[in-house]
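Chemist: I'm passing along work_24.txt; it holds compact mmCIF, C-alpha atoms and all ligand atoms.
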# COMPACT_ATOMS: atom_id res chain seq x y z
CA MET A 1 71.31 -48.84 -126.33
CA SER A 2 74.03 -46.21 -126.00
CA HIS A 3 72.99 -44.64 -122.68
CA VAL A 4 70.40 -45.20 -119.94
CA HIS A 5 69.39 -43.11 -116.94
CA LYS A 6 69.08 -45.24 -113.78
CA ASN A 7 66.69 -44.39 -110.95
CA SER A 8 68.23 -46.50 -108.21
CA CYS A 9 71.52 -46.58 -106.33
CA ARG A 10 73.97 -49.25 -107.57
CA VAL A 11 75.04 -50.19 -104.05
CA CYS A 12 71.85 -50.17 -101.92
CA LYS A 13 69.22 -50.06 -104.73
CA GLY A 14 67.61 -47.10 -102.87
CA MET A 15 65.80 -44.28 -104.73
CA ASP A 16 66.74 -41.36 -102.44
CA LEU A 17 69.07 -39.76 -105.01
CA THR A 18 69.90 -36.05 -105.22
CA ARG A 19 71.96 -34.38 -107.97
CA ILE A 20 74.95 -32.56 -106.42
CA LEU A 21 76.90 -31.56 -109.54
CA SER A 22 76.01 -31.02 -113.19
CA LEU A 23 78.84 -30.58 -115.73
CA GLY A 24 76.57 -30.49 -118.80
CA GLU A 25 76.79 -32.89 -121.76
CA HIS A 26 80.20 -34.41 -122.58
CA PRO A 27 81.63 -36.91 -125.07
CA PRO A 28 83.38 -39.98 -123.56
CA VAL A 29 86.77 -38.66 -122.41
CA ASP A 30 88.92 -41.43 -123.85
CA ASN A 31 87.33 -41.25 -127.30
CA PHE A 32 90.09 -39.27 -129.03
CA ILE A 33 89.05 -38.75 -132.64
CA ASP A 34 90.39 -37.93 -136.08
CA VAL A 35 89.01 -34.98 -138.00
CA GLU A 36 86.79 -37.17 -140.23
CA HIS A 37 84.80 -38.33 -137.19
CA ILE A 38 84.12 -34.95 -135.58
CA ASN A 39 80.46 -35.01 -136.68
CA ASP A 40 79.88 -38.54 -135.30
CA GLU A 41 80.65 -37.42 -131.74
CA LYS A 42 77.92 -38.11 -129.19
CA ARG A 43 77.53 -36.27 -125.90
CA TYR A 44 75.86 -37.60 -122.74
CA PRO A 45 74.75 -35.93 -119.47
CA LEU A 46 77.53 -35.73 -116.89
CA ASP A 47 75.66 -35.34 -113.57
CA VAL A 48 76.73 -36.57 -110.13
CA TYR A 49 74.22 -37.85 -107.51
CA PHE A 50 74.31 -38.52 -103.75
CA CYS A 51 72.45 -41.49 -102.28
CA GLY A 52 70.66 -40.49 -99.06
CA THR A 53 70.52 -44.15 -97.94
CA CYS A 54 74.07 -45.49 -98.32
CA ASN A 55 75.82 -42.20 -99.25
CA LEU A 56 77.34 -43.55 -102.48
CA VAL A 57 78.24 -40.66 -104.81
CA GLN A 58 77.64 -41.83 -108.37
CA LEU A 59 76.58 -41.17 -111.96
CA LEU A 60 73.12 -42.37 -112.99
CA ASP A 61 73.58 -41.75 -116.72
CA VAL A 62 75.27 -44.95 -117.84
CA VAL A 63 77.00 -45.00 -121.23
CA ALA A 64 77.20 -48.54 -122.68
CA GLU A 65 80.56 -50.03 -121.61
CA GLU A 66 81.25 -51.12 -125.20
CA LYS A 67 81.20 -47.41 -126.12
CA LEU A 68 83.82 -46.63 -123.49
CA PHE A 69 86.12 -49.66 -123.46
CA HIS A 70 86.70 -50.90 -126.99
CA GLY A 71 89.36 -52.07 -129.38
CA ASP A 72 90.68 -48.54 -129.75
CA TYR A 73 90.98 -47.59 -126.08
CA ALA A 74 93.36 -44.66 -125.64
CA TYR A 75 94.58 -45.22 -122.09
CA PHE A 76 97.81 -47.17 -121.57
CA SER A 77 98.69 -46.95 -117.85
CA SER A 78 102.40 -47.48 -118.47
CA ALA A 79 102.60 -44.22 -120.47
CA SER A 80 103.13 -42.51 -117.11
CA LYS A 81 106.37 -43.46 -115.35
CA PRO A 82 105.14 -42.38 -111.89
CA LEU A 83 102.29 -44.86 -112.29
CA VAL A 84 104.69 -47.68 -113.24
CA ASP A 85 106.59 -46.89 -110.02
CA HIS A 86 103.35 -46.83 -108.00
CA PHE A 87 102.23 -50.26 -109.20
CA ARG A 88 105.67 -51.73 -108.48
CA SER A 89 105.36 -50.61 -104.87
CA TYR A 90 101.73 -51.85 -104.74
CA ALA A 91 102.91 -55.29 -105.97
CA ASP A 92 105.61 -55.32 -103.27
CA ASP A 93 102.92 -54.72 -100.62
CA LEU A 94 100.81 -57.60 -101.93
CA GLN A 95 103.80 -59.95 -102.05
CA LYS A 96 104.79 -59.05 -98.49
CA GLU A 97 101.28 -59.19 -97.00
CA ASN A 98 99.09 -61.51 -99.07
CA LEU A 99 100.98 -63.85 -101.40
CA THR A 100 102.97 -67.09 -101.25
CA GLU A 101 105.13 -68.22 -104.17
CA GLY A 102 103.04 -70.02 -106.81
CA ASP A 103 99.75 -68.29 -105.88
CA LEU A 104 97.42 -67.12 -108.64
CA VAL A 105 96.89 -63.34 -109.02
CA VAL A 106 94.02 -62.19 -111.23
CA ASP A 107 93.74 -58.51 -112.23
CA ILE A 108 90.34 -57.30 -113.49
CA GLY A 109 90.79 -54.43 -115.98
CA SER A 110 94.51 -55.22 -116.19
CA ASN A 111 95.19 -52.62 -118.93
CA ASP A 112 98.75 -53.13 -120.30
CA GLY A 113 99.81 -55.33 -117.39
CA ILE A 114 101.18 -52.48 -115.28
CA LEU A 115 100.51 -54.42 -112.03
CA LEU A 116 100.82 -58.04 -113.15
CA GLN A 117 104.24 -57.52 -114.79
CA ASN A 118 105.68 -57.37 -111.26
CA PHE A 119 104.47 -60.92 -110.40
CA LEU A 120 105.70 -62.82 -113.47
CA GLU A 121 108.70 -64.48 -111.79
CA LYS A 122 107.17 -66.11 -108.72
CA TYR A 123 103.39 -66.28 -109.25
CA HIS A 124 100.76 -67.38 -111.74
CA VAL A 125 99.06 -64.32 -113.26
CA LEU A 126 95.98 -63.71 -115.38
CA GLY A 127 94.80 -60.36 -116.72
CA ILE A 128 91.22 -59.59 -117.79
CA GLU A 129 91.00 -56.66 -120.22
CA PRO A 130 88.07 -55.75 -122.52
CA SER A 131 90.04 -53.28 -124.66
CA GLY A 132 91.75 -55.44 -127.27
CA ASN A 133 94.53 -53.03 -128.23
CA VAL A 134 95.56 -52.59 -124.61
CA ALA A 135 95.31 -56.33 -123.84
CA GLU A 136 97.68 -56.95 -126.76
CA ALA A 137 100.28 -54.68 -125.15
CA ALA A 138 100.10 -56.85 -121.99
CA ARG A 139 100.47 -60.10 -123.95
CA LYS A 140 103.61 -58.68 -125.60
CA LYS A 141 105.06 -58.52 -122.04
CA GLY A 142 104.27 -62.21 -121.55
CA ILE A 143 101.17 -61.61 -119.43
CA GLU A 144 98.33 -64.05 -120.15
CA THR A 145 95.30 -61.80 -120.70
CA THR A 146 91.69 -62.79 -121.30
CA ASP A 147 89.54 -60.54 -123.49
CA GLY A 148 86.16 -59.34 -122.26
CA PHE A 149 84.35 -57.98 -119.24
CA PHE A 150 84.59 -59.88 -115.94
CA THR A 151 81.43 -61.86 -115.07
CA VAL A 152 80.43 -64.73 -112.77
CA GLU A 153 80.51 -67.01 -115.84
CA MET A 154 84.08 -65.95 -116.63
CA ALA A 155 85.08 -66.47 -112.98
CA LYS A 156 83.82 -70.08 -113.04
CA LYS A 157 85.77 -70.76 -116.26
CA ILE A 158 88.96 -69.33 -114.71
CA VAL A 159 88.57 -71.59 -111.66
CA GLU A 160 88.32 -74.59 -114.01
CA THR A 161 91.38 -73.63 -116.04
CA HIS A 162 93.60 -71.83 -113.51
CA GLY A 163 92.24 -72.72 -110.07
CA LYS A 164 91.27 -70.21 -107.35
CA ALA A 165 93.08 -66.90 -106.84
CA LYS A 166 94.71 -65.73 -103.60
CA VAL A 167 94.51 -62.12 -104.80
CA VAL A 168 91.94 -60.63 -107.17
CA SER A 169 92.61 -56.95 -107.93
CA ALA A 170 90.63 -54.26 -109.73
CA ASN A 171 92.50 -50.96 -110.00
CA ASN A 172 90.92 -47.88 -111.53
CA VAL A 173 88.17 -50.18 -112.71
CA PHE A 174 86.01 -51.00 -109.65
CA ALA A 175 84.66 -47.43 -109.86
CA HIS A 176 83.82 -48.02 -113.54
CA ILE A 177 81.32 -50.81 -113.00
CA ASP A 178 77.55 -50.41 -113.30
CA ASN A 179 76.60 -53.93 -112.16
CA LEU A 180 78.64 -54.18 -108.95
CA ASP A 181 76.75 -57.29 -107.79
CA GLU A 182 78.00 -59.25 -110.81
CA ILE A 183 81.63 -58.32 -110.06
CA VAL A 184 81.45 -59.13 -106.34
CA ARG A 185 79.72 -62.47 -107.03
CA GLY A 186 82.42 -63.27 -109.60
CA VAL A 187 85.13 -62.38 -107.08
CA GLN A 188 83.51 -64.71 -104.53
CA GLU A 189 83.65 -67.55 -107.09
CA LEU A 190 87.29 -66.85 -107.86
CA LEU A 191 88.82 -66.17 -104.43
CA THR A 192 90.34 -68.81 -102.15
CA ASP A 193 88.73 -68.83 -98.66
CA ASP A 194 91.64 -66.80 -97.26
CA GLY A 195 91.99 -64.70 -100.42
CA VAL A 196 91.67 -60.91 -100.73
CA PHE A 197 89.90 -58.68 -103.23
CA VAL A 198 91.91 -55.46 -103.47
CA SER A 199 90.84 -52.41 -105.46
CA GLU A 200 92.23 -48.90 -105.94
CA SER A 201 89.89 -46.04 -106.93
CA HIS A 202 89.93 -42.25 -106.77
CA TYR A 203 88.79 -41.21 -103.27
CA LEU A 204 85.73 -39.00 -102.71
CA LEU A 205 87.39 -37.22 -99.77
CA ASP A 206 90.23 -35.99 -102.01
CA LEU A 207 87.83 -35.13 -104.82
CA VAL A 208 85.64 -32.99 -102.58
CA GLU A 209 88.42 -31.36 -100.54
CA LYS A 210 90.52 -30.46 -103.63
CA LEU A 211 87.58 -29.84 -105.97
CA GLU A 212 88.90 -32.41 -108.43
CA PHE A 213 85.84 -32.03 -110.68
CA ASP A 214 87.83 -33.25 -113.71
CA THR A 215 87.81 -36.75 -112.18
CA VAL A 216 84.13 -36.84 -113.09
CA TYR A 217 83.56 -38.58 -116.42
CA HIS A 218 81.41 -41.39 -117.80
CA GLU A 219 83.99 -44.14 -117.15
CA HIS A 220 83.81 -43.23 -113.44
CA LEU A 221 80.36 -44.37 -112.36
CA CYS A 222 81.22 -44.40 -108.63
CA TYR A 223 83.09 -41.94 -106.37
CA TYR A 224 83.76 -44.14 -103.39
CA SER A 225 84.01 -43.47 -99.70
CA VAL A 226 84.45 -46.34 -97.22
CA LYS A 227 80.90 -46.27 -95.84
CA PRO A 228 79.00 -47.35 -99.00
CA LEU A 229 81.71 -49.91 -99.79
CA GLN A 230 81.15 -51.53 -96.39
CA ARG A 231 77.45 -51.72 -97.22
CA LEU A 232 78.16 -53.27 -100.61
CA PHE A 233 80.40 -56.07 -99.29
CA GLU A 234 78.07 -56.65 -96.35
CA ARG A 235 75.41 -57.82 -98.81
CA PHE A 236 77.77 -60.63 -99.88
CA ASP A 237 78.86 -61.75 -96.42
CA MET A 238 82.21 -60.02 -97.04
CA GLU A 239 83.86 -57.13 -95.20
CA VAL A 240 86.26 -54.26 -95.81
CA SER A 241 89.25 -55.65 -93.84
CA ASP A 242 91.73 -52.83 -94.48
CA VAL A 243 91.87 -49.52 -96.35
CA ARG A 244 94.74 -47.16 -97.20
CA ARG A 245 94.96 -43.77 -98.84
CA VAL A 246 97.40 -43.77 -101.76
CA ASP A 247 98.83 -40.79 -103.58
CA VAL A 248 97.83 -41.54 -107.18
CA HIS A 249 95.29 -39.96 -109.52
CA GLY A 250 94.80 -37.00 -107.21
CA GLY A 251 94.28 -39.18 -104.14
CA SER A 252 92.89 -42.72 -104.09
CA ILE A 253 91.92 -45.45 -101.64
CA ARG A 254 93.16 -49.02 -101.75
CA VAL A 255 90.38 -51.20 -100.31
CA TYR A 256 90.99 -54.79 -99.09
CA ALA A 257 87.84 -56.95 -98.91
CA ARG A 258 87.63 -60.53 -97.66
CA LYS A 259 85.08 -63.18 -96.76
CA LYS A 260 83.76 -62.17 -93.32
CA SER A 261 86.15 -63.13 -90.52
CA GLY A 262 85.88 -60.21 -88.09
CA ALA A 263 89.56 -59.30 -88.56
CA VAL A 264 89.11 -55.63 -89.49
CA ALA A 265 92.09 -53.23 -89.33
CA LEU A 266 91.89 -49.95 -87.37
CA SER A 267 92.38 -48.10 -90.66
CA VAL A 268 88.73 -48.75 -91.57
CA GLN A 269 87.31 -46.92 -88.54
CA GLU A 270 89.94 -44.18 -88.93
CA LEU A 271 88.81 -43.36 -92.47
CA LEU A 272 85.12 -43.66 -91.56
CA THR A 273 85.70 -41.05 -88.84
CA LEU A 274 87.62 -38.81 -91.25
CA GLU A 275 84.73 -39.07 -93.73
CA ALA A 276 82.12 -38.33 -91.04
CA ASN A 277 84.11 -35.30 -89.82
CA ALA A 278 84.34 -34.06 -93.44
CA GLY A 279 80.55 -34.42 -93.77
CA LEU A 280 80.82 -36.95 -96.62
CA HIS A 281 77.85 -38.89 -95.26
CA THR A 282 75.52 -35.86 -95.44
CA LEU A 283 73.85 -34.17 -98.39
CA GLU A 284 74.50 -30.74 -96.84
CA ARG A 285 78.27 -31.18 -97.43
CA PHE A 286 77.58 -30.89 -101.16
CA ASP A 287 75.38 -27.77 -100.98
CA SER A 288 78.05 -25.48 -102.44
CA PHE A 289 79.78 -28.10 -104.65
CA GLN A 290 78.32 -26.82 -107.95
CA LYS A 291 79.14 -23.20 -107.11
CA ASP A 292 82.68 -24.03 -105.94
CA VAL A 293 83.42 -26.04 -109.10
CA GLU A 294 82.07 -23.29 -111.35
CA ALA A 295 84.32 -20.79 -109.53
CA VAL A 296 87.40 -22.87 -110.45
CA ARG A 297 86.21 -23.03 -114.04
CA ASP A 298 85.60 -19.27 -114.23
CA THR A 299 89.08 -18.53 -112.81
CA LEU A 300 90.71 -20.81 -115.39
CA VAL A 301 88.69 -19.45 -118.33
CA THR A 302 89.37 -15.83 -117.35
CA LEU A 303 93.11 -16.53 -117.02
CA VAL A 304 93.50 -18.34 -120.36
CA ARG A 305 91.33 -15.87 -122.26
CA ARG A 306 93.33 -12.94 -120.77
CA PHE A 307 96.62 -14.48 -121.88
CA ARG A 308 95.22 -15.10 -125.34
CA ALA A 309 93.92 -11.49 -125.55
CA GLU A 310 97.49 -10.39 -124.77
CA GLY A 311 98.65 -12.44 -127.77
CA LYS A 312 100.33 -15.09 -125.62
CA VAL A 313 100.73 -18.69 -126.83
CA VAL A 314 98.95 -21.10 -124.48
CA THR A 315 99.18 -24.89 -124.84
CA ALA A 316 98.35 -27.91 -122.65
CA TYR A 317 100.51 -30.69 -121.20
CA GLY A 318 99.21 -34.27 -120.95
CA ALA A 319 95.95 -35.42 -122.54
CA PRO A 320 94.55 -37.44 -119.62
CA ALA A 321 90.93 -38.57 -119.53
CA LYS A 322 90.27 -36.03 -116.76
CA GLY A 323 91.80 -33.30 -118.91
CA ASN A 324 88.93 -33.71 -121.36
CA THR A 325 86.34 -33.11 -118.66
CA LEU A 326 88.18 -29.91 -117.75
CA LEU A 327 88.60 -28.76 -121.36
CA ASN A 328 84.92 -29.36 -122.16
CA PHE A 329 83.58 -27.85 -118.92
CA CYS A 330 85.68 -24.72 -119.65
CA GLU A 331 84.59 -24.92 -123.30
CA PHE A 332 88.20 -24.46 -124.41
CA THR A 333 89.03 -24.99 -128.11
CA ALA A 334 92.17 -24.82 -130.25
CA ASP A 335 91.66 -21.02 -130.31
CA ASP A 336 92.50 -21.05 -126.59
CA LEU A 337 95.04 -23.90 -126.46
CA LYS A 338 97.16 -24.37 -129.58
CA TYR A 339 97.88 -28.07 -128.91
CA VAL A 340 98.14 -30.69 -126.16
CA THR A 341 101.31 -32.78 -125.79
CA ASP A 342 101.09 -36.40 -124.64
CA THR A 343 103.50 -39.34 -124.28
CA THR A 344 100.88 -41.90 -125.39
CA SER A 345 101.72 -42.71 -129.01
CA TYR A 346 98.12 -43.81 -129.62
CA LYS A 347 96.80 -40.28 -128.81
CA ILE A 348 99.35 -38.37 -130.92
CA GLY A 349 97.85 -37.13 -134.20
CA LEU A 350 94.28 -37.30 -132.90
CA LEU A 351 92.01 -34.57 -131.54
CA THR A 352 90.77 -34.29 -127.95
CA PRO A 353 87.12 -35.34 -127.66
CA GLY A 354 84.68 -32.42 -127.68
CA SER A 355 87.28 -29.62 -127.63
CA HIS A 356 89.01 -30.92 -130.82
CA ILE A 357 92.50 -29.72 -129.85
CA PRO A 358 95.37 -31.51 -131.69
CA VAL A 359 97.41 -33.95 -129.57
CA VAL A 360 101.11 -33.76 -130.49
CA SER A 361 104.33 -35.35 -129.29
CA PRO A 362 106.16 -33.63 -126.40
CA ASP A 363 109.14 -33.36 -128.84
CA ILE A 364 107.63 -30.07 -130.07
CA LEU A 365 108.63 -28.53 -126.72
CA ARG A 366 112.28 -29.13 -127.50
CA THR A 367 112.07 -26.38 -130.14
CA GLU A 368 108.95 -24.35 -129.21
CA THR A 369 108.51 -22.39 -125.97
CA PRO A 370 104.84 -21.60 -125.29
CA ASP A 371 104.27 -18.65 -122.95
CA TYR A 372 101.89 -20.67 -120.75
CA ILE A 373 101.19 -24.41 -120.50
CA LEU A 374 98.00 -25.69 -118.84
CA LEU A 375 99.02 -28.83 -116.88
CA LEU A 376 96.08 -31.19 -117.49
CA ALA A 377 98.13 -34.08 -116.00
CA TRP A 378 98.39 -32.14 -112.71
CA ASN A 379 98.46 -35.38 -110.72
CA TYR A 380 102.05 -35.84 -111.94
CA ARG A 381 102.98 -32.21 -111.16
CA ASP A 382 106.31 -32.78 -109.33
CA PHE A 383 107.56 -35.32 -111.87
CA ILE A 384 106.63 -33.11 -114.83
CA LEU A 385 107.91 -29.79 -113.42
CA GLU A 386 111.24 -31.51 -112.70
CA LYS A 387 111.35 -33.13 -116.15
CA GLU A 388 110.59 -29.79 -117.87
CA LYS A 389 113.09 -27.67 -115.92
CA GLU A 390 114.90 -26.59 -119.11
CA LEU A 391 111.61 -25.61 -120.79
CA ARG A 392 110.74 -23.49 -117.75
CA GLU A 393 114.20 -21.89 -117.80
CA ARG A 394 113.43 -20.90 -121.42
CA GLY A 395 110.47 -18.94 -120.01
CA ALA A 396 107.46 -21.27 -120.27
CA GLN A 397 105.19 -21.03 -117.22
CA PHE A 398 102.85 -23.82 -116.12
CA ILE A 399 99.24 -23.15 -115.15
CA ILE A 400 98.28 -25.70 -112.47
CA PRO A 401 94.46 -26.03 -112.45
CA ILE A 402 93.94 -28.31 -109.41
CA PRO A 403 93.84 -28.21 -106.36
CA ASN A 404 94.32 -24.40 -106.66
CA VAL A 405 94.76 -22.39 -109.87
CA GLU A 406 98.40 -21.24 -109.76
CA ILE A 407 101.16 -20.25 -112.18
CA VAL A 408 104.62 -21.75 -111.55
O1 LIG B 1 90.19 -44.39 -114.43
C1 LIG B 1 91.11 -44.05 -115.16
C2 LIG B 1 92.27 -43.28 -114.65
C3 LIG B 1 92.68 -43.75 -113.31
O2 LIG B 1 93.33 -43.42 -115.56
C4 LIG B 1 91.08 -44.36 -116.57
N1 LIG B 1 89.69 -44.27 -116.94
C5 LIG B 1 91.85 -43.46 -117.48
C6 LIG B 1 93.00 -42.86 -116.80
O3 LIG B 1 92.73 -41.52 -116.52
P1 LIG B 1 93.77 -40.41 -116.96
O4 LIG B 1 93.95 -40.50 -118.44
O5 LIG B 1 93.28 -39.14 -116.34
O6 LIG B 1 95.11 -40.96 -116.27
P2 LIG B 1 96.54 -40.32 -116.14
O7 LIG B 1 97.46 -41.44 -115.80
O8 LIG B 1 96.48 -39.16 -115.21
O9 LIG B 1 96.89 -39.80 -117.61
C7 LIG B 1 98.08 -39.05 -117.75
C8 LIG B 1 98.23 -38.67 -119.21
O10 LIG B 1 99.33 -37.75 -119.32
C9 LIG B 1 98.58 -39.88 -120.06
O11 LIG B 1 97.93 -39.78 -121.32
C10 LIG B 1 100.09 -39.77 -120.24
C11 LIG B 1 100.34 -38.28 -120.19
N2 LIG B 1 101.64 -37.91 -119.63
C12 LIG B 1 102.46 -37.09 -120.38
O12 LIG B 1 102.11 -36.68 -121.50
N3 LIG B 1 103.67 -36.74 -119.88
C13 LIG B 1 101.99 -38.36 -118.38
C14 LIG B 1 103.23 -38.01 -117.87
C15 LIG B 1 103.63 -38.48 -116.51
C16 LIG B 1 104.11 -37.17 -118.64
O13 LIG B 1 105.22 -36.83 -118.23
ZN ZN B 2 72.73 -46.15 -102.00
Could you spell out this file's structure in structure tokens?
Ligand code: DWN
Ligand code: ZN

Modeler:
Amino acid sequence: MSHVHKNSCRVCKGMDLTRILSLGEHPPVDNFIDVEHINDEKRYPLDVYFCGTCNLVQLLDVVAEEKLFHGDYAYFSSASKPLVDHFRSYADDLQKENLTEGDLVVDIGSNDGILLQNFLEKYHVLGIEPSGNVAEAARKKGIETTDGFFTVEMAKKIVETHGKAKVVSANNVFAHIDNLDEIVRGVQELLTDDGVFVSESHYLLDLVEKLEFDTVYHEHLCYYSVKPLQRLFERFDMEVSDVRRVDVHGGSIRVYARKKSGAVALSVQELLTLEANAGLHTLERFDSFQKDVEAVRDTLVTLVRRFRAEGKVVTAYGAPAKGNTLLNFCEFTADDLKYVTDTTSYKIGLLTPGSHIPVVSPDILRTETPDYILLLAWNYRDFILEKEKELRERGAQFIIPIPNVEIV
């Protein structure tokens, strides 16, 4: 089975689901390909739904996780220095607030060990990573990493071999899970009684307010706000004990969940109020979502096509997963964008999924000066604009697509 269409909400199991955004059919965004495999590419519906019962915003078309997270996964978190810095600060928070020397920290979807590498000296760590090539990168850093997808069964085995964990984390992975019940039950098995389950995911409030439609792709099954998360943990006698907005991936929330104790930080009510005031708990808030997203697309397409008609050279910078949603929704090809540069060695030499634009090393920009560069990795805007000051002095201008289309 490569893809199924669900009819019920993955948090409350309700059936009151309304489609609020349709981006068409897209290939999995991290499936960069070589030219021989262009004809094997599969596309799946990319439609976003709102649950009228618990207000979870989610995809119902589920692509088999083995098709998304496999031995040739393209995403290495540590390819982006700002993200390495973010996870160092995240680890400092956990050490200050939740950990004692010698505690066990387990990271679900640990990627190349970007979080766990900060705990190696004083704590026991264990990564869980289904993508073999990425797990290998973590092991090379001395981080014990178990292959496979996290399950209740795996949690029980870890307790036998490593004991219970004071912190279980799941960063940019808790929004990728179809069977949330399995994960939460596994976390319950694994956590000490005073332990905390902490997850970071892109935040629906940022996505809606900044029209970050490119954050929609098949790996992202859920687009969380606090309200449905409270409902999820409630079902397992757990509670959201604290929540913070963090400035990564276009705006995310870090959610702390514990076994019920009644000790809930003010931050939870503060964000719930913010969400209610923004209308996130009502279907009406999404009435113009499709139209607003299409307006951003039309502005971008008109701009790039005009530059190309004037004979300008337009390229792209960064080949993030989200960039492929944007490229495919705009139906850009190599006729529009000559190439995409990316710092991930795995992606260099391959083609972007669907749009089939060559990914090349950023070294090309040391000798070439495109007229315009579409910044697909716009979430690292400040870092990149600073890093490419010399390129901009040579005359290259960046097109920033999100949150507002602008040329800098
Ligand atoms: O959920 C996920 C999100 C959180 O991370 C994963 N499914 C996949 C991934 O999404 P993404 O690929 O959109 O994440 P990034 O970190 O925004 O990707 C940035 C891309 O840009 C990387 O491929 C590295 C590249 N890059 C670059 O070429 N030059 C990044 C920087 C900072 C640079 O200077
Ligand atoms: Zn629901």

Chemist: Is there a way to get, as a list in words, all residues within 10 Å of the point (81.3, -31.4, -106.5) in file coordinates, counting only C-alpha atoms?

Modeler: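 Looking at atoms near the point gives Arg19, Ile20, Leu21, Ser22, Leu23, Asp47, Val48, Tyr49, Val57, Leu204, Leu207, Val208, Glu209, Lys210, Leu211, Glu212, Phe213, Asp214, Val216, Arg285, Phe286, Asp287, Ser288, Phe289, Gln290, Lys291, Asp292, Val293 and Glu294 of chain A.
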
Chemist: Hey, which of A:Arg139, A:Tyr73, A:Phe233, A:Glu153 ends up closest to Phe32 (chain A)? Count only C-alpha atoms.

Modeler: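 Under the stated criterion, the closest residue is A:Tyr73.
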
Chemist: How many Å lie between CA of Asp242 (chain A) and CA of Arg185 (chain A), rounded to one decimal?

Modeler: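 About the pair CA of Asp242 (chain A) and CA of Arg185 (chain A): they are 19.9 Å apart.
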
Chemist: Residues at most 9 Å from ligand ZN 2 (chain B), using all atoms listed in the file? Could they come as a PyMOL selection string?

Modeler: chain A and resi 8-17+50-57+228+231

Chemist: Put those residues in a file: C-alpha atoms, as a short mmCIF file (atom, residue, chain, number, x, y, z; two decimals), keeping the file's coordinate frame.

Modeler:
data_model
loop_
_atom_site.label_atom_id
_atom_site.label_comp_id
_atom_site.auth_asym_id
_atom_site.auth_seq_id
_atom_site.Cartn_x
_atom_site.Cartn_y
_atom_site.Cartn_z
CA SER A 8 68.23 -46.50 -108.21
CA CYS A 9 71.52 -46.58 -106.33
CA ARG A 10 73.97 -49.25 -107.57
CA VAL A 11 75.04 -50.19 -104.05
CA CYS A 12 71.85 -50.17 -101.92
CA LYS A 13 69.22 -50.06 -104.73
CA GLY A 14 67.61 -47.10 -102.87
CA MET A 15 65.80 -44.28 -104.73
CA ASP A 16 66.74 -41.36 -102.44
CA LEU A 17 69.07 -39.76 -105.01
CA PHE A 50 74.31 -38.52 -103.75
CA CYS A 51 72.45 -41.49 -102.28
CA GLY A 52 70.66 -40.49 -99.06
CA THR A 53 70.52 -44.15 -97.94
CA CYS A 54 74.07 -45.49 -98.32
CA ASN A 55 75.82 -42.20 -99.25
CA LEU A 56 77.34 -43.55 -102.48
CA VAL A 57 78.24 -40.66 -104.81
CA PRO A 228 79.00 -47.35 -99.00
CA ARG A 231 77.45 -51.72 -97.22
#

Chemist: Name the closest residue to ligand LIG 1 (chain B) among the candidates A:Glu390, A:Glu182, A:Asp92, A:Asp85; distances are taken between atoms, counting only C-alpha atoms and all ligand atoms.

Modeler: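 Among A:Glu390, A:Glu182, A:Asp92, A:Asp85, it is A:Asp85 that comes nearest to ligand LIG 1 (chain B).
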
Chemist: Per residue of chain A within 8 Å of ligand LIG 1 (chain B), what are the shortest atom pair and its distance in Å to one decimal, counting all atoms listed in the file, with rows by chain and residue number, as a Markdown table?

Modeler:
| residue | atom | partner | partner_atom | distance |
| --- | --- | --- | --- | --- |
| A:Asp30 | CA | B:LIG1 | C5 | 7.3 |
| A:Ala74 | CA | B:LIG1 | O11 | 8.0 |
| A:Tyr75 | CA | B:LIG1 | C5 | 5.6 |
| A:Phe76 | CA | B:LIG1 | O11 | 7.4 |
| A:Ser77 | CA | B:LIG1 | O7 | 6.0 |
| A:Ala79 | CA | B:LIG1 | C10 | 5.1 |
| A:Ser80 | CA | B:LIG1 | C15 | 4.1 |
| A:Lys81 | CA | B:LIG1 | C15 | 5.8 |
| A:Pro82 | CA | B:LIG1 | C15 | 6.2 |
| A:Leu83 | CA | B:LIG1 | O7 | 6.9 |
| A:Asn171 | CA | B:LIG1 | C3 | 7.9 |
| A:Asn172 | CA | B:LIG1 | O1 | 4.6 |
| A:Val173 | CA | B:LIG1 | O1 | 6.4 |
| A:Ala175 | CA | B:LIG1 | O1 | 7.8 |
| A:His176 | CA | B:LIG1 | O1 | 7.4 |
| A:Ser201 | CA | B:LIG1 | C3 | 7.3 |
| A:His202 | CA | B:LIG1 | C3 | 7.3 |
| A:Thr215 | CA | B:LIG1 | O5 | 7.3 |
| A:Glu219 | CA | B:LIG1 | N1 | 5.7 |
| A:His220 | CA | B:LIG1 | O1 | 6.6 |
| A:His249 | CA | B:LIG1 | O8 | 5.9 |
| A:Tyr317 | CA | B:LIG1 | O12 | 6.2 |
| A:Gly318 | CA | B:LIG1 | O12 | 3.8 |
| A:Ala319 | CA | B:LIG1 | O11 | 4.9 |
| A:Pro320 | CA | B:LIG1 | O4 | 3.3 |
| A:Ala321 | CA | B:LIG1 | O4 | 3.7 |
| A:Lys322 | CA | B:LIG1 | O5 | 4.3 |
| A:Gly323 | CA | B:LIG1 | O5 | 6.5 |
| A:Thr341 | CA | B:LIG1 | O12 | 5.9 |
| A:Asp342 | CA | B:LIG1 | O12 | 3.3 |
| A:Thr343 | CA | B:LIG1 | O12 | 4.1 |
| A:Thr344 | CA | B:LIG1 | O11 | 5.5 |
| A:Lys347 | CA | B:LIG1 | O11 | 7.6 |
| A:Pro362 | CA | B:LIG1 | O12 | 7.1 |
| A:Leu376 | CA | B:LIG1 | O10 | 7.5 |
| A:Ala377 | CA | B:LIG1 | O10 | 5.1 |
| A:Trp378 | CA | B:LIG1 | O8 | 7.7 |
| A:Asn379 | CA | B:LIG1 | O8 | 6.2 |
| A:Tyr380 | CA | B:LIG1 | C15 | 5.5 |
| A:Phe383 | CA | B:LIG1 | C15 | 6.9 |
| A:Ile384 | CA | B:LIG1 | O13 | 5.2 |
| A:Lys387 | CA | B:LIG1 | O13 | 7.5 |
